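A.B. asks: Just dropping this structure here.
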Amino acid sequence: MGRYDFDTVIGRRSTFASKWDIGENEIAMSMADMEFAAAPEIRQALQKRLDNGIYGYTDVPGVWYEAYQGWWARRHGLQIEKEELIFATGVIPAISTAVRKLTYPAEKVLVLTPIYNIFFNSIVNNGRFPIECRMPVKDGEYNIDWEDLEAKAADPQTSLMLFCNPHNPIGRLWDKETLARIGEICARYHVIVLSDEIHCDVVDPGKKYTPFASASETCARISVTCFAPTKAFNLAGLHTAAVMVKDPFLRHKMWRGLNTDEVAEPGAFAVEGTVAAFTEGEAWLEEMCSYVKENKDRVRQVVAEKIPQVRITPSEGTYLLWMDCSAVTDSEEELGDFIREKTGLVLTKGTLYGKGGEKYLRMNCACPRALLEDGLERFVRGVKLYMG
Ligand SMILES: Cc1ncc(COP(=O)(O)O)c(C=O)c1O
């Protein structure tokens with residue numbers, strides 16, 4: 001028995017949860033937030049802030065910087081200087097700022113696909129072009145096509161790469177060697193790397209994520225990194241993140257960009273939530289990661305037994321499972337709609353994630369076991385019905 005409760009199913013429809021804006025009989029295993037209450041330590045800190053009664057404008061205090069510095073030094077072996085950190089209201093706002101401030105209109109931005117869909121919005125909505133380097137996959141194992149990456153980085157119109165570490169949706173923890181090689185290629189062609197590390201604290205027990213900026217001096221010099229407590233501690237609605245930039249010139253540009261875009265000031269609960277997560281949330285996080293790992297194992301086991309046609313990509317990080325349905329369908333759009341219509345289970349469809357996402361569905365496993373079993377039963381039933 002752990003110290004914390006991950007088993008209670010909590011209704012979220014009354015909170016206007018985006019993920020649960022679905023039919024009464026439907027259940028969501030889609031959008032990337034969790035069905036667990038935040039750690040009691042975090043809730044107490046937020047309660048204390050709530051009880052003050054005044055929710056006025058808020059500064060970023062010293063304890064906020066220290067919380068990030070302490071957590072990354074202790075857990076991830078990365079030393080961060082205070083001046084290298086900038087508050088941002090979210091990772092996506094920071095990425096959109098980076099696109100606007102670090103590239104010119106009509107330039108090209110590299111992404112390894114399949115990748116988190118909103119990266120495409122940040123690129124396209126700002127009038128830049130996404131350039132997809134599709135990752136080849138063999139027996140569920142994703143790789144980087146280095147020649148392709150180098151050729152696309154060498155294009156003089158390419159100025160930025162949006163990188164995801166760990167990688168959503170495939171759940172991959174990139175190793176130091178791979179990170180350093182990406183850094184070398186990008187540095188050779190003067191491409192800045194934005195490393196989105198929002199999922200970094202959701203890892204299977206015993207696994208480690210490597211910060212991009214720690215892989216080599218080059219990686220540190222050419223990168224902008226986004227951190228946040230929001231995925232690992234289920235705080236996405238607090239709108240709190242950090243941008244870490246080692247290079248002073250790049251940092252100045254990001255700092256100006258975030259301020260120009262007015263996304264550098266915290267809401268009334270952002271600081272308290274972040275500080276409590278990174279200073280008091282470790283025990284909860286460890287238990288949550290073990291619970292989620294058991295959930296992922298359970299899905300793998302049931303799917304392998306009952307619908308082995310669906311192949312789940314091996315992963316070490318995130319609470320997401322990336323499911324290859326190519327033996328079941330030519331269109332995951334159709335399969336996803338069918339499962340939803342017949343069983344009420346809502347999953348995320350792979351084509352959202354760019355090239356290589358076709359025929360895949362993504363399942364979010366960060367939920368109480370009762371909900372997981374319900375979703376799993378619906379999934380198996382839906383796929384079987386679809387196969388006829
Ligand atoms: C890789 C990745 N980056 C960023 C976000 C969203 O970040 P934020 O809510 O801080 O804008 C998500 C949410 O799913 C994500 O998966």
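So you can find residues: chains in the structure tokens are A, B, ... in the order shown, residues in each start at 1, and ligands are numbered from 1 in order.
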Write out as a ChimeraX atom specification each polymer residue (protein, DNA or RNA) that has an atom no more than 6 Å from ligand 1, with only C-alpha atoms and all ligand atoms counted.
C.D. replies: /A:32,90-93,116,164,168,196,198,236
A.B. asks: Report as an mmCIF file with N, CA and C atoms, in the first residue's frame all protein, DNA and RNA residues lying within 7 Å of Asn234 (chain A), evaluated on only C-alpha atoms, omitting residues in the same chain fewer than 2 positions from it.
C.D. replies:
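Result file follows (part.cif):
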data_model
loop_
_atom_site.group_PDB
_atom_site.id
_atom_site.type_symbol
_atom_site.label_atom_id
_atom_site.label_comp_id
_atom_site.auth_asym_id
_atom_site.auth_seq_id
_atom_site.Cartn_x
_atom_site.Cartn_y
_atom_site.Cartn_z
ATOM 1 N N ASP A 33 -3.777 15.043 -19.697
ATOM 2 C CA ASP A 33 -3.694 15.312 -18.264
ATOM 3 C C ASP A 33 -4.154 14.063 -17.537
ATOM 4 N N MET A 34 -4.032 14.063 -16.213
ATOM 5 C CA MET A 34 -4.234 12.825 -15.465
ATOM 6 C C MET A 34 -5.542 12.852 -14.687
ATOM 7 N N ALA A 38 -4.099 16.113 -7.511
ATOM 8 C CA ALA A 38 -2.707 16.516 -7.276
ATOM 9 C C ALA A 38 -2.275 16.077 -5.871
ATOM 10 N N THR A 230 3.711 20.655 -14.844
ATOM 11 C CA THR A 230 2.292 20.466 -15.141
ATOM 12 C C THR A 230 1.901 19.052 -15.555
ATOM 13 N N LYS A 231 2.749 18.356 -16.333
ATOM 14 C CA LYS A 231 2.397 16.978 -16.715
ATOM 15 C C LYS A 231 2.567 16.045 -15.525
ATOM 16 N N ALA A 232 3.728 16.098 -14.891
ATOM 17 C CA ALA A 232 4.048 15.125 -13.842
ATOM 18 C C ALA A 232 3.181 15.301 -12.601
ATOM 19 N N ALA A 236 -1.851 21.298 -15.197
ATOM 20 C CA ALA A 236 -1.865 22.040 -16.474
ATOM 21 C C ALA A 236 -2.722 23.304 -16.404
#
A.B. asks: Excluding Glu141 (chain A) and its own-chain neighbours fewer than 2 positions away, which residues fall within 10 Å of it when counting only C-alpha atoms? Please give them as a list in words.
C.D. replies: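 The residues that qualify are Met135, Pro136, Val137, Lys138, Asp139, Asn143, Ile170, Arg172, Thr313, Pro314 and Ser315 of chain A.
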A.B. asks: Generate a file of the selected residues that holds C-alpha atoms, formatted as a tab-separated table (two decimals), in the first residue's frame.
C.D. replies:
chain	number	residue	atom	x	y	z
A	135	MET	CA	11.16	8.65	-37.90
A	136	PRO	CA	11.55	5.20	-39.42
A	137	VAL	CA	10.05	2.45	-37.27
A	138	LYS	CA	11.03	-1.19	-37.21
A	139	ASP	CA	9.37	-3.73	-34.92
A	143	ASN	CA	14.90	5.70	-35.04
A	170	ILE	CA	6.02	7.51	-28.71
A	172	ARG	CA	10.84	7.57	-25.94
A	313	THR	CA	5.10	0.75	-29.11
A	314	PRO	CA	7.70	-0.01	-26.39
A	315	SER	CA	8.18	3.06	-24.19
A.B. asks: Using only C-alpha atoms, find the one residue out of A:Thr113, A:Leu194, A:Ala264, A:Met161 that sits nearest to Leu250 (chain A).
C.D. replies: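 Between A:Thr113, A:Leu194, A:Ala264, A:Met161, the residue approaching Leu250 (chain A) most closely is A:Leu194.
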A.B. asks: Which residues in region 5-169 of chain A does DSSP call strand (DSSP E)? List them as an mmCIF file with C-alpha atoms, in the first residue's frame.
C.D. replies:
data_model
loop_
_atom_site.group_PDB
_atom_site.id
_atom_site.type_symbol
_atom_site.label_atom_id
_atom_site.label_comp_id
_atom_site.auth_asym_id
_atom_site.auth_seq_id
_atom_site.Cartn_x
_atom_site.Cartn_y
_atom_site.Cartn_z
ATOM 1 C CA ILE A 27 -15.017 8.150 -21.192
ATOM 2 C CA ALA A 28 -11.812 9.975 -22.075
ATOM 3 C CA LEU A 85 15.423 30.639 -15.942
ATOM 4 C CA ILE A 86 12.454 32.655 -17.176
ATOM 5 C CA PHE A 87 8.853 32.138 -16.074
ATOM 6 C CA ALA A 88 6.285 31.412 -18.804
ATOM 7 C CA LYS A 108 11.381 26.340 -41.863
ATOM 8 C CA VAL A 109 11.072 24.564 -38.521
ATOM 9 C CA LEU A 110 12.158 20.934 -38.149
ATOM 10 C CA VAL A 111 10.194 18.311 -36.243
ATOM 11 C CA LEU A 112 10.731 14.563 -35.845
ATOM 12 C CA THR A 113 7.366 13.010 -36.614
ATOM 13 C CA PHE A 129 6.721 25.985 -42.425
ATOM 14 C CA PRO A 130 6.939 22.696 -40.521
ATOM 15 C CA ILE A 131 9.489 20.339 -42.052
ATOM 16 C CA GLU A 132 8.805 16.780 -41.004
ATOM 17 C CA CYS A 133 11.627 14.298 -40.537
ATOM 18 C CA ARG A 134 9.653 11.143 -40.306
ATOM 19 C CA VAL A 137 10.049 2.449 -37.275
ATOM 20 C CA LYS A 138 11.034 -1.194 -37.213
ATOM 21 C CA GLU A 141 11.412 0.721 -32.425
ATOM 22 C CA TYR A 142 11.682 4.326 -33.638
ATOM 23 C CA THR A 158 15.745 26.096 -41.717
ATOM 24 C CA SER A 159 16.346 28.036 -38.516
ATOM 25 C CA LEU A 160 14.760 26.092 -35.643
ATOM 26 C CA MET A 161 14.066 22.529 -34.549
ATOM 27 C CA LEU A 162 11.236 21.769 -32.127
ATOM 28 C CA PHE A 163 12.308 18.691 -30.213
ATOM 29 C CA CYS A 164 10.351 16.655 -27.673
#
